[in-house]
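Enquirer: One structure is given below, represented as structure tokens, and several questions about it will come after.
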Amino acid sequence: MLPNNNLKICHTLARRDFKFHKVKNLLLAFAVVLITGLYAFTFLLGSSVENAFLLNFEYQYGSTSHILYHGLTAHQADKLAQHPNVKSTVRISALGQLSDEMMGVRSVKLAVTDQDYAESILSVPTTGRLPEKAGEIALDEFTMDSLGVLHELGAPVSIQWTDSKGGQHSTDFTLCGWWASPTNFTEACAWVTAECAAGLLTGYPDTASVTMGVDLHQPKELEQQAQQIMTDQGVNQITYTTNLAYNEARMEMASKQATPFYIPALVVLLCGFLMIYSIIHVAMDQDTRFFAGLKTLGMTPRQIRWFLLEKAALLSLFGLLPGWLMGFGIHYLVTPRIVTGMEQNPAIYFLSWEPFALAALSTFGTVLLAYFLPAARTGGMMPKQMLRNSDEQAPKGRGRSSTGKVSILRLALRSLWRNKGRTLLSLLSLLFSLLLLCSTWISYTSYDEGLYLNGMSPWDYTIEDGSAASTVQRYNPNNRAITEQIVSDLRGRSEVLEVSVLKSKEVELTASDELRQRIVDFYNEPYDETMTRRESQAAYPDWCAGLDCLEQTGSY
């Protein structure tokens, strides 16, 4: 006896089902569009939140490069760039470091202009331009405020800097451009031309220190890869830093922060399944008789499964494009209200194909589940048994009128009563959805705006001196950004109720041996079963370096 393995007939039956049951399949397609849209929105939102956290870590690092190598010669930089794991590189030639005492803990390189490197550290002037002539300089706003430089093109700039051999220099420039730099709180570049560098540093470019940013083909475990590249190329005794956005602890932190935004996908799965299952259940008797007839003609359970698989695939395919568009539209409108502080719309900035692919797979899985569960119970039955079960579940004549007709309301009640389990599951899902909507509404409308704003800040406006707006800066008395006259003028305005003034000063202290040991012992104690308090801060290398400094020198 030859086995029945013909699967082409399944494809024909699936296409004909769409042709002969247009209303049912139109309703199913509409449900699939809604499900795809909600899946797409959920995954796009979660992806944007996660990428926003990683971008913030990249801002803290100050570069989009995976690895930054410092203090290279041109020959060493060329050797590292030839490693097979290196995808691309950018580099600058640094004449030295700005050494004005007003720079505080910030490290600013005096470097020759390089457009590619400037773009990699987001240090391209937004006002003015990069230097094109000798004597011009471009700075970031933090450096300008620390040095007391006016925010005017052509303003005089006097800087003190130290070359790689320790020589002290003082040079005057003209400001040709600047940029706001959220990335480079602790490290930045002051751009000059190669012509200017040759006049400032004898022997340039051979005497300049090269800093090279490296992008890898597969950025993973950057510390190990950075060491391996140096070992393979025979380059030693140089320093490097790795991008904080690829730090495992910070990637895990970003993933945890985004998890609550992915959880609604479970609600979409439940509601989507119930929506499609309910539509399919309406025609369940018709489908049962259809499958009984096919089995009578010799159709195998494998062919029925393949038929249902093709129907689910075609239905999912019909709803993908409009569902993607709907999901992206919601994402475009909603996400900027959640991911804030960006000039670009985060829905565009973080757009990628992965959430759309994940939405498509989730939609197909949901549709497939809704198709297979009703068929699983009848898949192993004989045709006669399938027809008997269908007749037993058919509505009786009880309650009909003398004409044999029944009202729509009575028909709806009978439909609900026929499958109590499905009705109960639908009621529970609706109650759950209502609870979720109400709790979300209450959580976002129960704030007292006055109390909320007072908790954020006791003032309506805060004006800070530009040289001390960040904790890594040092106040420059010569800046005179906020004078007594400005404070007096503010107090005299009719719309101002009160002005508060705060002055602060940072002082370096040295901890006693007893205090130092007490702090170190505290952070060496267990944080949980897997790590110590010190290890729990692995995502913050600057904090760890500060604790090491306190432990070794006692200064803070």
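Letters A, B, ... mark the chains of the structure tokens in the order given; residue numbers begin at 1 per chain; ligand numbers begin at 1, in order shown.
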Can you pull out the residues contacting Gly96 (chain A)? Cut-off 10 Å, using only C-alpha atoms, and skip same-chain residues under 6 positions away; I want them as a list of chain:residue names.
Expert: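 Those residues are A:Val108, A:Lys109, A:Leu110, A:Ala111, A:Trp161, A:Thr162, A:Asp163, A:Ser164, A:Lys165, A:Gly166, A:Gly167, A:Gln168, A:His169, A:Leu201, A:Ala208, A:Ser209.
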Enquirer: Write the residues of the preceding selection, restricted to N, CA and C atoms, as a CSV table (one decimal), in the first residue's frame.
Expert:
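Listing of result.csv after writing:
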chain,number,residue,atom,x,y,z
A,108,VAL,N,42.0,67.2,28.4
A,108,VAL,CA,41.6,67.7,27.1
A,108,VAL,C,42.9,67.7,26.3
A,109,LYS,N,42.9,67.0,25.2
A,109,LYS,CA,44.0,66.9,24.3
A,109,LYS,C,44.1,68.1,23.3
A,110,LEU,N,45.2,68.6,23.1
A,110,LEU,CA,45.5,69.6,22.0
A,110,LEU,C,45.9,68.8,20.8
A,111,ALA,N,45.0,68.6,19.8
A,111,ALA,CA,45.1,67.7,18.7
A,111,ALA,C,44.9,68.3,17.4
A,161,TRP,N,49.4,74.5,27.9
A,161,TRP,CA,49.4,73.1,27.6
A,161,TRP,C,50.8,72.5,27.8
A,162,THR,N,50.8,71.2,28.0
A,162,THR,CA,52.1,70.4,28.2
A,162,THR,C,52.3,69.4,27.2
A,163,ASP,N,53.5,69.4,26.5
A,163,ASP,CA,53.7,68.4,25.5
A,163,ASP,C,54.1,67.1,26.1
A,164,SER,N,54.3,66.1,25.2
A,164,SER,CA,54.6,64.7,25.7
A,164,SER,C,55.9,64.6,26.5
A,165,LYS,N,56.8,65.5,26.3
A,165,LYS,CA,58.1,65.5,27.1
A,165,LYS,C,58.0,66.3,28.4
A,166,GLY,N,56.9,66.9,28.7
A,166,GLY,CA,56.7,67.6,29.9
A,166,GLY,C,57.0,69.1,29.8
A,167,GLY,N,57.2,69.6,28.6
A,167,GLY,CA,57.4,71.0,28.3
A,167,GLY,C,56.2,71.8,28.5
A,168,GLN,N,56.2,73.0,29.1
A,168,GLN,CA,55.1,73.8,29.4
A,168,GLN,C,55.0,74.9,28.3
A,169,HIS,N,53.8,75.2,27.8
A,169,HIS,CA,53.6,76.1,26.7
A,169,HIS,C,52.4,77.0,27.1
A,201,LEU,N,55.1,72.6,17.8
A,201,LEU,CA,55.8,71.4,18.4
A,201,LEU,C,56.9,71.1,17.4
A,208,ALA,N,54.6,63.7,17.8
A,208,ALA,CA,53.2,63.8,18.3
A,208,ALA,C,52.8,62.4,18.8
A,209,SER,N,51.9,62.4,19.8
A,209,SER,CA,51.3,61.1,20.3
A,209,SER,C,50.0,60.8,19.6
Enquirer: Counting only C-alpha atoms, what is within 12 Å of Tyr39 (chain A), bar same-chain residues fewer than 4 positions away, as an MDAnalysis selection string?
Expert: chainID A and resid 32:35 43:46 261:272 320 323:328 330:331 355:366
Enquirer: List as a ChimeraX atom specification the protein and nucleic acid residues near Leu150 (chain A), meaning an atom at most 12 Å away when only C-alpha atoms are counted, but skip any in the same chain fewer than 2 places from it.
Expert: /A:139,141-148,152-158,174-178,466-467,478-481
Enquirer: Can you work out which one of A:Ser278, A:Asn56, A:Thr510, A:Asn247 has the shortest atom-to-atom distance to Thr553 (chain A), counting only C-alpha atoms?
Expert: A:Thr510
